[in-house]
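Colleague: Shown below is the structure under consideration.
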Amino acid sequence: MMVALALIVLGALIAATAPRVLARGSWPDREPVLALLVWQCVVAAVLLCCVLAMALSGAAAWQAVRGHVFAPAPSRVVEAYGLSAFGESWPAVVAVVLACGGVWTAVMLTREIHHARARRRARRAELLTRAPLLPGEEAAPGERLVVLESERPDAWWLPGSTPRLVVTTAALRRLRGRRLDAVLAHERGHLRARHDWLLHCSSALAAGFPRVPVFRAFRDQVHRLVELAADDVASRHCGRLEVALALVELNEDRGVFDPYASHPGAQVPQRVDRLLRAAPRLTVVRRLRTTALAALVPLVPLLVAFAPGLRALG
């Protein structure tokens, strides 16, 4: 049972400190894809701590669970975990609480996916109404560009089995040449990286556990970093200056550049500044080192969970 408690403490420690540690550095703005990987590894480590602690607590509380968890293990491995040290009541309470948390996570993720699909169906229905297929035209498989009549310059991606890139006529009138290409490349970057799944998962965790700092920070950072990653994709195709000018032209009428206005697109000025500063990427050695350290984070709970059994086996 001590191993389960250690896993709970480890998960709480990671959840409380990881957002502060990651917020101190400026490197995520220079390497948004790598930063997304680091955040996913941190969240995976927290969830892994909870799952392993639930399994060990259930094994300490109920013989049936113990038989499944330690089925192929010799008796000395089971004894190494000291499962009977705390009796059966407290491990049962811990296991039930963690199981309820797992069920709640699944419920919130299911709800998020359901709501996302409902929003997607509504937007697809609106697209078919406002931009219907021409007589004799068939919907082509794969990515499709849809031009929508609107006085508001805008462009967005609509994920799904048949993804759509939507651009309004006002955006076509305002953006010319490579700036229009930059906007389309940005949206294609979202589509090809499947950023929608990251957004759904982070939103579900933050909605289900709003008081857990790591999940709140994960949601906020994912929403920010996917935009930076898509900006970098567009920059590789069209150049940083063209992407920055396209962002300015697309958002200049929305008040996002007013320093005193509260607006959902408040991160646009920071994105423009980042593109114009053109800070150099991290060196290859540092990127590899950061990737290796991030991959090690989810291994720590596994080492804590399996250490008594490995010591018992010699």
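Scheme for the structure tokens: letters A, B, ... for chains in order shown; per-chain residue numbers from 1; ligand numbers from 1 in order shown.
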Compile the contact shell of segment 206-215 of chain A as a compact mmCIF listing (two decimals) with N, CA and C atoms, in the first residue's frame: residues with an atom at most 7 Å away, counting only C-alpha atoms, same-chain residues fewer than 4 positions apart removed.

Modeller:
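Final file, out28.txt:
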```
# COMPACT_ATOMS: atom_id res chain seq x y z
N ALA A 15 1.55 17.29 -10.75
CA ALA A 15 0.42 18.15 -11.14
C ALA A 15 0.58 19.56 -10.61
N ALA A 16 1.21 19.71 -9.44
CA ALA A 16 1.33 21.04 -8.84
C ALA A 16 2.55 21.81 -9.35
N ALA A 18 4.69 20.96 -12.25
CA ALA A 18 5.01 20.98 -13.68
C ALA A 18 4.57 22.28 -14.38
N PRO A 19 3.35 22.78 -14.14
CA PRO A 19 2.97 24.03 -14.82
C PRO A 19 3.90 25.19 -14.48
N TRP A 104 -15.17 9.47 -14.17
CA TRP A 104 -15.52 10.87 -14.46
C TRP A 104 -14.71 11.41 -15.64
N THR A 105 -13.44 11.01 -15.72
CA THR A 105 -12.61 11.42 -16.86
C THR A 105 -13.19 10.89 -18.16
N MET A 108 -16.35 12.88 -19.04
CA MET A 108 -16.08 14.22 -19.56
C MET A 108 -15.50 14.16 -20.96
N SER A 202 -7.60 17.99 -23.80
CA SER A 202 -7.24 19.00 -22.81
C SER A 202 -8.47 19.69 -22.24
N ARG A 219 -4.78 22.67 -20.82
CA ARG A 219 -5.78 23.21 -21.76
C ARG A 219 -5.34 24.56 -22.32
```

Colleague: Enumerate as a ChimeraX atom specification all residues of segment 6-254 of chain A assigned to helix (DSSP H, G or I) by DSSP on the backbone, naming them with the chain letters and numbers the document uses.

Modeller: /A:6-24,27-30,32-61,63-69,75-80,89-130,169-174,178-193,195-208,213-238,240-251

Colleague: Just want the 12 Å neighbourhood of Arg66 of chain A, counted on only C-alpha atoms, with same-chain residues fewer than 5 positions away dropped. Output as a PDB file with all heavy atoms, in the first residue's frame.

Modeller:
```
ATOM      1  N   MET A  54      -4.537   3.155  -8.286  1.00  0.00           N
ATOM      2  CA  MET A  54      -5.838   2.498  -8.202  1.00  0.00           C
ATOM      3  C   MET A  54      -5.694   0.981  -8.262  1.00  0.00           C
ATOM      4  O   MET A  54      -6.326   0.238  -7.499  1.00  0.00           O
ATOM      5  CB  MET A  54      -6.742   2.980  -9.339  1.00  0.00           C
ATOM      6  CG  MET A  54      -8.118   2.338  -9.364  1.00  0.00           C
ATOM      7  SD  MET A  54      -9.077   2.830 -10.814  1.00  0.00           S
ATOM      8  CE  MET A  54      -8.119   2.068 -12.132  1.00  0.00           C
ATOM      9  N   ALA A  55      -4.834   0.483  -9.170  1.00  0.00           N
ATOM     10  CA  ALA A  55      -4.640  -0.960  -9.301  1.00  0.00           C
ATOM     11  C   ALA A  55      -4.053  -1.557  -8.026  1.00  0.00           C
ATOM     12  O   ALA A  55      -4.507  -2.596  -7.538  1.00  0.00           O
ATOM     13  CB  ALA A  55      -3.750  -1.259 -10.502  1.00  0.00           C
ATOM     14  N   LEU A  56      -3.037  -0.903  -7.453  1.00  0.00           N
ATOM     15  CA  LEU A  56      -2.410  -1.435  -6.239  1.00  0.00           C
ATOM     16  C   LEU A  56      -3.338  -1.318  -5.032  1.00  0.00           C
ATOM     17  O   LEU A  56      -3.351  -2.205  -4.164  1.00  0.00           O
ATOM     18  CB  LEU A  56      -1.100  -0.703  -5.985  1.00  0.00           C
ATOM     19  CG  LEU A  56       0.015  -0.973  -7.003  1.00  0.00           C
ATOM     20  CD1 LEU A  56       1.221  -0.097  -6.728  1.00  0.00           C
ATOM     21  CD2 LEU A  56       0.418  -2.441  -6.986  1.00  0.00           C
ATOM     22  N   SER A  57      -4.108  -0.235  -4.955  1.00  0.00           N
ATOM     23  CA  SER A  57      -5.071  -0.099  -3.854  1.00  0.00           C
ATOM     24  C   SER A  57      -6.161  -1.153  -3.955  1.00  0.00           C
ATOM     25  O   SER A  57      -6.566  -1.749  -2.943  1.00  0.00           O
ATOM     26  CB  SER A  57      -5.690   1.305  -3.862  1.00  0.00           C
ATOM     27  OG  SER A  57      -4.707   2.294  -3.719  1.00  0.00           O
ATOM     28  N   GLY A  58      -6.641  -1.392  -5.170  1.00  0.00           N
ATOM     29  CA  GLY A  58      -7.637  -2.446  -5.347  1.00  0.00           C
ATOM     30  C   GLY A  58      -7.084  -3.819  -5.011  1.00  0.00           C
ATOM     31  O   GLY A  58      -7.771  -4.667  -4.425  1.00  0.00           O
ATOM     32  N   ALA A  59      -5.819  -4.052  -5.348  1.00  0.00           N
ATOM     33  CA  ALA A  59      -5.195  -5.331  -5.008  1.00  0.00           C
ATOM     34  C   ALA A  59      -5.055  -5.490  -3.507  1.00  0.00           C
ATOM     35  O   ALA A  59      -5.146  -6.608  -2.976  1.00  0.00           O
ATOM     36  CB  ALA A  59      -3.835  -5.433  -5.690  1.00  0.00           C
ATOM     37  N   ALA A  60      -4.811  -4.381  -2.785  1.00  0.00           N
ATOM     38  CA  ALA A  60      -4.705  -4.461  -1.330  1.00  0.00           C
ATOM     39  C   ALA A  60      -6.057  -4.665  -0.667  1.00  0.00           C
ATOM     40  O   ALA A  60      -6.136  -5.253   0.418  1.00  0.00           O
ATOM     41  CB  ALA A  60      -4.048  -3.189  -0.792  1.00  0.00           C
ATOM     42  N   ALA A  61      -7.123  -4.193  -1.301  1.00  0.00           N
ATOM     43  CA  ALA A  61      -8.445  -4.256  -0.679  1.00  0.00           C
ATOM     44  C   ALA A  61      -9.189  -5.545  -0.996  1.00  0.00           C
ATOM     45  O   ALA A  61      -9.916  -6.072  -0.138  1.00  0.00           O
ATOM     46  CB  ALA A  61      -9.281  -3.048  -1.127  1.00  0.00           C
ATOM     47  N   ALA A  71      -1.294 -11.939 -11.017  1.00  0.00           N
ATOM     48  CA  ALA A  71      -1.540 -13.317 -11.452  1.00  0.00           C
ATOM     49  C   ALA A  71      -0.263 -14.075 -11.802  1.00  0.00           C
ATOM     50  O   ALA A  71      -0.073 -15.202 -11.318  1.00  0.00           O
ATOM     51  CB  ALA A  71      -2.514 -13.316 -12.630  1.00  0.00           C
ATOM     52  N   PRO A  72       0.649 -13.527 -12.618  1.00  0.00           N
ATOM     53  CA  PRO A  72       1.835 -14.328 -12.987  1.00  0.00           C
ATOM     54  C   PRO A  72       3.006 -14.186 -12.016  1.00  0.00           C
ATOM     55  O   PRO A  72       4.061 -14.756 -12.253  1.00  0.00           O
ATOM     56  CB  PRO A  72       2.203 -13.752 -14.358  1.00  0.00           C
ATOM     57  CG  PRO A  72       1.787 -12.319 -14.271  1.00  0.00           C
ATOM     58  CD  PRO A  72       0.627 -12.248 -13.322  1.00  0.00           C
ATOM     59  N   ALA A  73       2.838 -13.405 -10.938  1.00  0.00           N
ATOM     60  CA  ALA A  73       3.966 -13.093 -10.060  1.00  0.00           C
ATOM     61  C   ALA A  73       4.106 -14.143  -8.961  1.00  0.00           C
ATOM     62  O   ALA A  73       3.105 -14.632  -8.422  1.00  0.00           O
ATOM     63  CB  ALA A  73       3.780 -11.716  -9.440  1.00  0.00           C
ATOM     64  N   SER A  75       5.001 -15.515  -5.086  1.00  0.00           N
ATOM     65  CA  SER A  75       4.489 -15.016  -3.793  1.00  0.00           C
ATOM     66  C   SER A  75       5.405 -13.965  -3.189  1.00  0.00           C
ATOM     67  O   SER A  75       4.937 -13.024  -2.535  1.00  0.00           O
ATOM     68  CB  SER A  75       4.311 -16.183  -2.823  1.00  0.00           C
ATOM     69  OG  SER A  75       5.556 -16.855  -2.634  1.00  0.00           O
ATOM     70  N   VAL A  77       7.007 -11.638  -4.614  1.00  0.00           N
ATOM     71  CA  VAL A  77       6.730 -10.332  -5.223  1.00  0.00           C
ATOM     72  C   VAL A  77       5.510  -9.702  -4.571  1.00  0.00           C
ATOM     73  O   VAL A  77       5.495  -8.508  -4.243  1.00  0.00           O
ATOM     74  CB  VAL A  77       6.535 -10.472  -6.747  1.00  0.00           C
ATOM     75  CG1 VAL A  77       6.045  -9.162  -7.349  1.00  0.00           C
ATOM     76  CG2 VAL A  77       7.833 -10.901  -7.410  1.00  0.00           C
ATOM     77  N   VAL A  78       4.465 -10.502  -4.342  1.00  0.00           N
ATOM     78  CA  VAL A  78       3.257  -9.983  -3.683  1.00  0.00           C
ATOM     79  C   VAL A  78       3.580  -9.512  -2.275  1.00  0.00           C
ATOM     80  O   VAL A  78       3.122  -8.443  -1.827  1.00  0.00           O
ATOM     81  CB  VAL A  78       2.168 -11.068  -3.668  1.00  0.00           C
ATOM     82  CG1 VAL A  78       0.892 -10.534  -3.009  1.00  0.00           C
ATOM     83  CG2 VAL A  78       1.853 -11.547  -5.076  1.00  0.00           C
ATOM     84  N   GLU A  79       4.395 -10.272  -1.568  1.00  0.00           N
ATOM     85  CA  GLU A  79       4.765  -9.894  -0.202  1.00  0.00           C
ATOM     86  C   GLU A  79       5.591  -8.611  -0.182  1.00  0.00           C
ATOM     87  O   GLU A  79       5.538  -7.839   0.787  1.00  0.00           O
ATOM     88  CB  GLU A  79       5.549 -11.031   0.445  1.00  0.00           C
ATOM     89  CG  GLU A  79       4.717 -12.290   0.662  1.00  0.00           C
ATOM     90  CD  GLU A  79       5.574 -13.476   1.059  1.00  0.00           C
ATOM     91  OE1 GLU A  79       6.825 -13.302   1.132  1.00  0.00           O
ATOM     92  OE2 GLU A  79       5.022 -14.573   1.283  1.00  0.00           O
ATOM     93  N   TYR A  81       5.145  -5.916  -1.694  1.00  0.00           N
ATOM     94  CA  TYR A  81       4.316  -4.716  -1.763  1.00  0.00           C
ATOM     95  C   TYR A  81       3.605  -4.430  -0.443  1.00  0.00           C
ATOM     96  O   TYR A  81       2.992  -3.366  -0.308  1.00  0.00           O
ATOM     97  CB  TYR A  81       3.301  -4.835  -2.899  1.00  0.00           C
ATOM     98  CG  TYR A  81       3.920  -4.611  -4.261  1.00  0.00           C
ATOM     99  CD1 TYR A  81       4.485  -5.656  -4.972  1.00  0.00           C
ATOM    100  CD2 TYR A  81       3.950  -3.343  -4.828  1.00  0.00           C
ATOM    101  CE1 TYR A  81       5.063  -5.453  -6.219  1.00  0.00           C
ATOM    102  CE2 TYR A  81       4.524  -3.122  -6.066  1.00  0.00           C
ATOM    103  CZ  TYR A  81       5.084  -4.185  -6.749  1.00  0.00           C
ATOM    104  OH  TYR A  81       5.661  -3.966  -7.981  1.00  0.00           O
ATOM    105  N   LEU A  83       0.780  -5.447   0.924  1.00  0.00           N
ATOM    106  CA  LEU A  83      -0.594  -5.057   0.624  1.00  0.00           C
ATOM    107  C   LEU A  83      -1.513  -5.109   1.836  1.00  0.00           C
ATOM    108  O   LEU A  83      -2.544  -4.429   1.871  1.00  0.00           O
ATOM    109  CB  LEU A  83      -1.149  -5.954  -0.484  1.00  0.00           C
ATOM    110  CG  LEU A  83      -0.406  -5.874  -1.833  1.00  0.00           C
ATOM    111  CD1 LEU A  83      -0.995  -6.867  -2.821  1.00  0.00           C
ATOM    112  CD2 LEU A  83      -0.471  -4.463  -2.402  1.00  0.00           C
ATOM    113  N   SER A  84      -1.171  -5.908   2.828  1.00  0.00           N
ATOM    114  CA  SER A  84      -2.055  -6.044   3.993  1.00  0.00           C
ATOM    115  C   SER A  84      -1.663  -5.124   5.149  1.00  0.00           C
ATOM    116  O   SER A  84      -2.243  -5.220   6.230  1.00  0.00           O
ATOM    117  CB  SER A  84      -2.041  -7.503   4.476  1.00  0.00           C
ATOM    118  OG  SER A  84      -0.711  -7.900   4.810  1.00  0.00           O
TER     119      SER A  84
END
```

Colleague: Given the choices A:Arg111, A:Arg286, A:Arg119, A:His195, which gets closest to Leu228 of chain A if the distance is worked out from only C-alpha atoms?

Modeller: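 Residue with the minimum atom-to-atom distance to Leu228 of chain A: A:His195.
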
Colleague: Near Leu47 of chain A, within 10 Å and counting only C-alpha atoms, which residues show up once chain neighbours fewer than 3 positions away are dropped, as JSON, numbers by chain?

Modeller: {"A": [11, 15, 41, 42, 43, 44, 50, 51, 52, 53, 102, 298, 301]}

Colleague: List as a PDB file with N, CA and C atoms, in the first residue's frame the protein and nucleic acid residues near Arg271 of chain A, meaning an atom at most 10 Å away when only C-alpha atoms are counted, but skip any in the same chain fewer than 2 places from it.

Modeller:
```
ATOM      1  N   ASP A  29       7.892  28.830 -26.807  1.00  0.00           N
ATOM      2  CA  ASP A  29       7.531  29.677 -27.944  1.00  0.00           C
ATOM      3  C   ASP A  29       8.421  29.407 -29.147  1.00  0.00           C
ATOM      4  N   ARG A 224      -2.849  27.535 -27.033  1.00  0.00           N
ATOM      5  CA  ARG A 224      -1.862  28.510 -27.497  1.00  0.00           C
ATOM      6  C   ARG A 224      -0.818  27.861 -28.399  1.00  0.00           C
ATOM      7  N   GLU A 227      -1.639  26.903 -32.094  1.00  0.00           N
ATOM      8  CA  GLU A 227      -1.616  28.052 -33.008  1.00  0.00           C
ATOM      9  C   GLU A 227      -0.182  28.397 -33.400  1.00  0.00           C
ATOM     10  N   LEU A 228       0.729  28.353 -32.440  1.00  0.00           N
ATOM     11  CA  LEU A 228       2.128  28.633 -32.754  1.00  0.00           C
ATOM     12  C   LEU A 228       2.700  27.575 -33.689  1.00  0.00           C
ATOM     13  N   ASP A 231       1.424  28.284 -37.077  1.00  0.00           N
ATOM     14  CA  ASP A 231       2.140  29.450 -37.617  1.00  0.00           C
ATOM     15  C   ASP A 231       3.493  29.038 -38.186  1.00  0.00           C
ATOM     16  N   VAL A 243       3.228  35.555 -42.997  1.00  0.00           N
ATOM     17  CA  VAL A 243       2.276  35.022 -42.019  1.00  0.00           C
ATOM     18  C   VAL A 243       1.868  36.121 -41.040  1.00  0.00           C
ATOM     19  N   ALA A 244       2.827  36.920 -40.582  1.00  0.00           N
ATOM     20  CA  ALA A 244       2.516  38.006 -39.652  1.00  0.00           C
ATOM     21  C   ALA A 244       1.589  39.034 -40.294  1.00  0.00           C
ATOM     22  N   LEU A 247      -1.908  37.657 -40.530  1.00  0.00           N
ATOM     23  CA  LEU A 247      -2.608  37.714 -39.247  1.00  0.00           C
ATOM     24  C   LEU A 247      -3.120  39.124 -38.969  1.00  0.00           C
ATOM     25  N   ALA A 266      -6.923  37.577 -28.052  1.00  0.00           N
ATOM     26  CA  ALA A 266      -5.893  38.417 -27.443  1.00  0.00           C
ATOM     27  C   ALA A 266      -4.493  37.902 -27.706  1.00  0.00           C
ATOM     28  N   GLN A 267      -4.354  36.629 -28.061  1.00  0.00           N
ATOM     29  CA  GLN A 267      -3.018  36.088 -28.308  1.00  0.00           C
ATOM     30  C   GLN A 267      -2.490  36.443 -29.693  1.00  0.00           C
ATOM     31  N   VAL A 268      -3.299  37.028 -30.548  1.00  0.00           N
ATOM     32  CA  VAL A 268      -2.851  37.369 -31.900  1.00  0.00           C
ATOM     33  C   VAL A 268      -1.676  38.343 -31.879  1.00  0.00           C
ATOM     34  N   PRO A 269      -1.703  39.432 -31.079  1.00  0.00           N
ATOM     35  CA  PRO A 269      -0.525  40.321 -31.067  1.00  0.00           C
ATOM     36  C   PRO A 269       0.755  39.598 -30.650  1.00  0.00           C
ATOM     37  N   ASP A 273       4.167  39.310 -32.852  1.00  0.00           N
ATOM     38  CA  ASP A 273       5.486  39.687 -32.318  1.00  0.00           C
ATOM     39  C   ASP A 273       6.463  38.522 -32.421  1.00  0.00           C
ATOM     40  N   ARG A 274       5.979  37.327 -32.113  1.00  0.00           N
ATOM     41  CA  ARG A 274       6.857  36.148 -32.189  1.00  0.00           C
ATOM     42  C   ARG A 274       7.343  35.914 -33.611  1.00  0.00           C
ATOM     43  N   LEU A 275       6.458  36.065 -34.580  1.00  0.00           N
ATOM     44  CA  LEU A 275       6.849  35.856 -35.972  1.00  0.00           C
ATOM     45  C   LEU A 275       7.850  36.908 -36.436  1.00  0.00           C
ATOM     46  N   LEU A 276       7.662  38.157 -35.997  1.00  0.00           N
ATOM     47  CA  LEU A 276       8.560  39.226 -36.426  1.00  0.00           C
ATOM     48  C   LEU A 276       9.912  39.150 -35.726  1.00  0.00           C
ATOM     49  N   ARG A 277       9.926  38.656 -34.477  1.00  0.00           N
ATOM     50  CA  ARG A 277      11.211  38.518 -33.778  1.00  0.00           C
ATOM     51  C   ARG A 277      12.063  37.420 -34.402  1.00  0.00           C
TER      52      ARG A 277
END
```
